[in-house]
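Working notes, beginning with the structure itself.
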Amino acid sequence: MEILRYVAFSTDPKGGNPAGVVLDATGADDATMLATAAEVGYSETAFVVPSGDGALDVRYFSPLAEVSFCGHATIATAVAHAERHGTGRLRLRTAAGPVTVTTDRAADGTLVATLVSVAPRTAPVEEADLAELLAILGWSAGDLDPALPPRVAFAGAWHPVIAAASRDRLADLDYDMAALGALMARKDWTTIDLVWRESPTVFHARDPFPPGGVVEDPATGAAAAAFGGYLRELGLVPVPATLTIHQGVDMGRPSTITVTVPAEADTGIGVTGAAVRL
């Protein structure tokens, strides 16, 4: 297999979130894909199998396990495909459902991709789970923003959304990785989406990712899509809306994610970002 390496949600190779991309993984079995992802060592590697109907079957592996959907690896895959085959619209079949991705060139020549997620939804966080999660993070109930209530949000994978009341609280991240990983395994959570609201349409995020063997993800497109659905379902932004999410800043890999939230309920959330080859 030819393994490509890209960084997504940044035009600077020193920022964003690195992803492995295999544009043709035909014939590779699960063990091979998992071993390849572990060797690459990024939070996710995408494995693509072209099909006869023009769609692409895509699977995502962290170094430790398969993940149903990954946003940054999808953006990286679309840009890698555009560099080989030209810009346009791709139809992806993922374990989470069908996802479309459109690529185009920005005015400066940078390739940019926009994915449209599966229909998002949210669910309550059980009180005992929230208490356990906050204890592992070292947060208290007083550290939370009451205007953005805790929920578990989905747009291809499940992510608890926990909003900090201050930027300082978000910046001070120190948690027990083994304990958080155990909780997330029990609840089938992919990352924890910790957010802080700077303005009505600008947010900052940090995403612990113990299930993938990663302390923190510098850009999480799947969580950004889930968060857009969360905001719409709870009526926390006027829709349609275009949001900016800054992630990775606290770990020295700044990323910029643009989230488009349509007004219509049950429609997919758009996630846009640049990607460059490493």
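Starting from 1 in every chain, residues are counted up; chains themselves are A, B, ... following the order of the structure tokens, and ligands are numbered from 1 as listed.
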
Contacts of A:Met1 at 8 Å (only C-alpha atoms; same-chain gap of 6+ positions) as a list in words: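 Counting only the stated atoms, we get Val22, Asp24 and Ala25 of chain A.
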
Would you save the residues from that selection as a PDB file, in the first residue's frame, using N, CA, C and O atoms?
ATOM      1  N   VAL A  22      -4.486   6.109   2.704  1.00  0.00           N
ATOM      2  CA  VAL A  22      -4.207   5.062   1.720  1.00  0.00           C
ATOM      3  C   VAL A  22      -5.324   5.136   0.686  1.00  0.00           C
ATOM      4  O   VAL A  22      -6.474   4.781   0.976  1.00  0.00           O
ATOM      5  N   ASP A  24      -5.756   3.488  -2.059  1.00  0.00           N
ATOM      6  CA  ASP A  24      -6.211   2.198  -2.576  1.00  0.00           C
ATOM      7  C   ASP A  24      -5.756   1.096  -1.625  1.00  0.00           C
ATOM      8  O   ASP A  24      -4.608   0.658  -1.659  1.00  0.00           O
ATOM      9  N   ALA A  25      -6.673   0.685  -0.769  1.00  0.00           N
ATOM     10  CA  ALA A  25      -6.388  -0.371   0.206  1.00  0.00           C
ATOM     11  C   ALA A  25      -7.057  -1.681  -0.194  1.00  0.00           C
ATOM     12  O   ALA A  25      -7.330  -2.533   0.658  1.00  0.00           O
TER      13      ALA A  25
END

Residue set, stretch 128-165 of chain A restricted to helix (DSSP H, G or I), as a VMD selection string: chain A and resid 128 to 137 141 to 143

Selection file, N, CA and C atoms, as an mmCIF file, in the first residue's frame:
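Result written to part.cif:
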data_model
loop_
_atom_site.group_PDB
_atom_site.id
_atom_site.type_symbol
_atom_site.label_atom_id
_atom_site.label_comp_id
_atom_site.auth_asym_id
_atom_site.auth_seq_id
_atom_site.Cartn_x
_atom_site.Cartn_y
_atom_site.Cartn_z
ATOM 1 N N ALA A 128 -24.493 10.246 36.712
ATOM 2 C CA ALA A 128 -23.341 9.536 37.270
ATOM 3 C C ALA A 128 -22.156 9.582 36.312
ATOM 4 N N ASP A 129 -22.427 9.483 35.004
ATOM 5 C CA ASP A 129 -21.346 9.546 34.015
ATOM 6 C C ASP A 129 -20.717 10.930 33.991
ATOM 7 N N LEU A 130 -21.535 11.978 34.074
ATOM 8 C CA LEU A 130 -21.002 13.336 34.090
ATOM 9 C C LEU A 130 -20.143 13.557 35.321
ATOM 10 N N ALA A 131 -20.591 13.091 36.471
ATOM 11 C CA ALA A 131 -19.812 13.253 37.694
ATOM 12 C C ALA A 131 -18.482 12.526 37.579
ATOM 13 N N GLU A 132 -18.487 11.324 37.013
ATOM 14 C CA GLU A 132 -17.241 10.572 36.844
ATOM 15 C C GLU A 132 -16.318 11.269 35.860
ATOM 16 N N LEU A 133 -16.882 11.769 34.768
ATOM 17 C CA LEU A 133 -16.085 12.460 33.761
ATOM 18 C C LEU A 133 -15.432 13.711 34.335
ATOM 19 N N LEU A 134 -16.207 14.521 35.058
ATOM 20 C CA LEU A 134 -15.651 15.745 35.642
ATOM 21 C C LEU A 134 -14.558 15.416 36.662
ATOM 22 N N ALA A 135 -14.759 14.369 37.438
ATOM 23 C CA ALA A 135 -13.749 13.988 38.425
ATOM 24 C C ALA A 135 -12.450 13.584 37.741
ATOM 25 N N ILE A 136 -12.544 12.842 36.645
ATOM 26 C CA ILE A 136 -11.341 12.428 35.919
ATOM 27 C C ILE A 136 -10.626 13.641 35.321
ATOM 28 N N LEU A 137 -11.400 14.591 34.818
ATOM 29 C CA LEU A 137 -10.810 15.803 34.238
ATOM 30 C C LEU A 137 -10.259 16.747 35.307
ATOM 31 N N ALA A 141 -18.470 21.256 38.872
ATOM 32 C CA ALA A 141 -19.685 21.761 38.231
ATOM 33 C C ALA A 141 -19.604 23.272 38.026
ATOM 34 N N GLY A 142 -18.906 23.962 38.921
ATOM 35 C CA GLY A 142 -18.756 25.408 38.797
ATOM 36 C C GLY A 142 -17.865 25.833 37.654
ATOM 37 N N ASP A 143 -17.101 24.896 37.081
ATOM 38 C CA ASP A 143 -16.244 25.206 35.931
ATOM 39 C C ASP A 143 -17.011 25.208 34.618
#

Residues of stretch 208-266 of chain A that have any atom at most 12 Å from an atom of stretch 147-166 of chain A: could you tabulate them with the shortest-distance atom pair and the distance in Å to one decimal, using only C-alpha atoms, ordered by chain and increasing number, as a Markdown table?
| residue | atom | partner | partner_atom | distance |
| --- | --- | --- | --- | --- |
| A:Pro208 | CA | A:His159 | CA | 10.3 |
| A:Phe209 | CA | A:His159 | CA | 10.2 |
| A:Pro211 | CA | A:His159 | CA | 12.0 |
| A:Thr220 | CA | A:His159 | CA | 10.4 |
| A:Gly221 | CA | A:Ala155 | CA | 9.7 |
| A:Ala222 | CA | A:Ala155 | CA | 6.5 |
| A:Ala223 | CA | A:His159 | CA | 6.2 |
| A:Ala224 | CA | A:Ala155 | CA | 8.7 |
| A:Ala225 | CA | A:Ala155 | CA | 5.8 |
| A:Ala226 | CA | A:Ala155 | CA | 4.6 |
| A:Phe227 | CA | A:Ala153 | CA | 6.5 |
| A:Gly228 | CA | A:Ala155 | CA | 8.9 |
| A:Gly229 | CA | A:Ala153 | CA | 7.4 |
| A:Tyr230 | CA | A:Ala153 | CA | 6.0 |
| A:Leu231 | CA | A:Leu148 | CA | 8.4 |
| A:Arg232 | CA | A:Ala153 | CA | 11.2 |
| A:Glu233 | CA | A:Ala153 | CA | 10.0 |
| A:Leu234 | CA | A:Leu148 | CA | 8.9 |
| A:Gly235 | CA | A:Leu148 | CA | 10.3 |
| A:Leu236 | CA | A:Leu148 | CA | 7.6 |
| A:Val237 | CA | A:Leu148 | CA | 10.7 |
| A:Asp266 | CA | A:Ala155 | CA | 10.5 |

Among listed residues A:Gly273, A:Pro124, A:Gly212, A:Gly27, nearest A:Gly181 (using only C-alpha atoms): A:Gly212

Option closest in space to A:Glu39, from A:Thr122, A:Ser140, A:Gln247, A:Ser62 [counting only C-alpha atoms]: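 Closest candidate: A:Ser62.
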
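Of the residues under consideration (A:Pro200, A:Gly20, A:Gly213, A:Gly248), A:Gly20 shows the shortest atom-to-atom contact distance to A:Cys70 when counting only C-alpha atoms.
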
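Neighbours of stretch 13-17 of chain A closer than or equal to 7 Å, with only C-alpha atoms counted and sequence neighbours fewer than 6 positions away skipped, come out as Val7, His72, Pro218, Ala219, Arg253, Pro254, Ser255, Val276 and Leu278 of chain A.
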
How about saving the chosen residues, N, CA and C atoms kept, as a PDB file, in the first residue's frame?
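Once everything was written out, this is out.pdb:
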ATOM      1  N   VAL A   7      -1.616  16.867   6.711  1.00  0.00           N
ATOM      2  CA  VAL A   7      -2.117  17.546   7.891  1.00  0.00           C
ATOM      3  C   VAL A   7      -3.400  18.259   7.490  1.00  0.00           C
ATOM      4  N   HIS A  72     -11.022  14.626  10.323  1.00  0.00           N
ATOM      5  CA  HIS A  72      -9.782  15.175   9.761  1.00  0.00           C
ATOM      6  C   HIS A  72      -9.176  14.234   8.729  1.00  0.00           C
ATOM      7  N   PRO A 218      -5.442  17.402  17.939  1.00  0.00           N
ATOM      8  CA  PRO A 218      -5.329  18.825  17.622  1.00  0.00           C
ATOM      9  C   PRO A 218      -6.424  19.373  16.714  1.00  0.00           C
ATOM     10  N   ALA A 219      -7.195  18.496  16.065  1.00  0.00           N
ATOM     11  CA  ALA A 219      -8.345  18.945  15.263  1.00  0.00           C
ATOM     12  C   ALA A 219      -9.261  17.747  15.081  1.00  0.00           C
ATOM     13  N   ARG A 253      -0.297  23.064  17.959  1.00  0.00           N
ATOM     14  CA  ARG A 253      -0.653  22.682  16.591  1.00  0.00           C
ATOM     15  C   ARG A 253      -1.980  23.363  16.230  1.00  0.00           C
ATOM     16  N   PRO A 254      -1.977  24.687  16.037  1.00  0.00           N
ATOM     17  CA  PRO A 254      -3.232  25.400  15.806  1.00  0.00           C
ATOM     18  C   PRO A 254      -3.968  24.904  14.565  1.00  0.00           C
ATOM     19  N   SER A 255      -5.273  24.749  14.729  1.00  0.00           N
ATOM     20  CA  SER A 255      -6.132  24.265  13.659  1.00  0.00           C
ATOM     21  C   SER A 255      -7.353  25.166  13.563  1.00  0.00           C
ATOM     22  N   VAL A 276      -2.708  19.896   3.713  1.00  0.00           N
ATOM     23  CA  VAL A 276      -1.469  19.943   2.942  1.00  0.00           C
ATOM     24  C   VAL A 276      -0.678  18.671   3.196  1.00  0.00           C
ATOM     25  N   LEU A 278       2.409  16.284   3.972  1.00  0.00           N
ATOM     26  CA  LEU A 278       3.600  16.352   4.811  1.00  0.00           C
ATOM     27  C   LEU A 278       4.795  15.760   4.063  1.00  0.00           C
TER      28      LEU A 278
END

Nearest to A:Val79, chosen from A:Tyr175, A:Trp196, A:Phe9, A:Tyr60, with only C-alpha atoms counted in the distances: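 Under the stated criterion, the closest residue is A:Phe9.
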
6 Å contact set for stretch 268-272 of chain A, only C-alpha atoms, chain neighbours under 3 positions out, as number ranges by chain: A: 113-119, 225, 258-261

Strand (DSSP E) per DSSP on the backbone: members of stretch 106-239 of chain A, as a VMD selection string: chain A and resid 111 to 116 121 to 123 151 to 154 158 to 163 193 to 199 202 to 209 214 to 217

For atom CA of A:Pro18 and atom CA of A:Thr110, the interatomic separation in Å (one decimal):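 Atom CA of A:Pro18 sits 16.7 Å away from atom CA of A:Thr110.
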
Proximity to A:Pro98 - best of A:Ala80, A:Ala31, A:Val214, A:Ala55, only C-alpha atoms: A:Ala55

Nearest-residue call for A:His246, choices A:Thr74, A:Thr100, A:Thr201, A:Thr26, using only C-alpha atoms: A:Thr201

Two-atom distance - atom CA of A:Met177, atom CA of A:Thr191 (Å): 12.0 Å
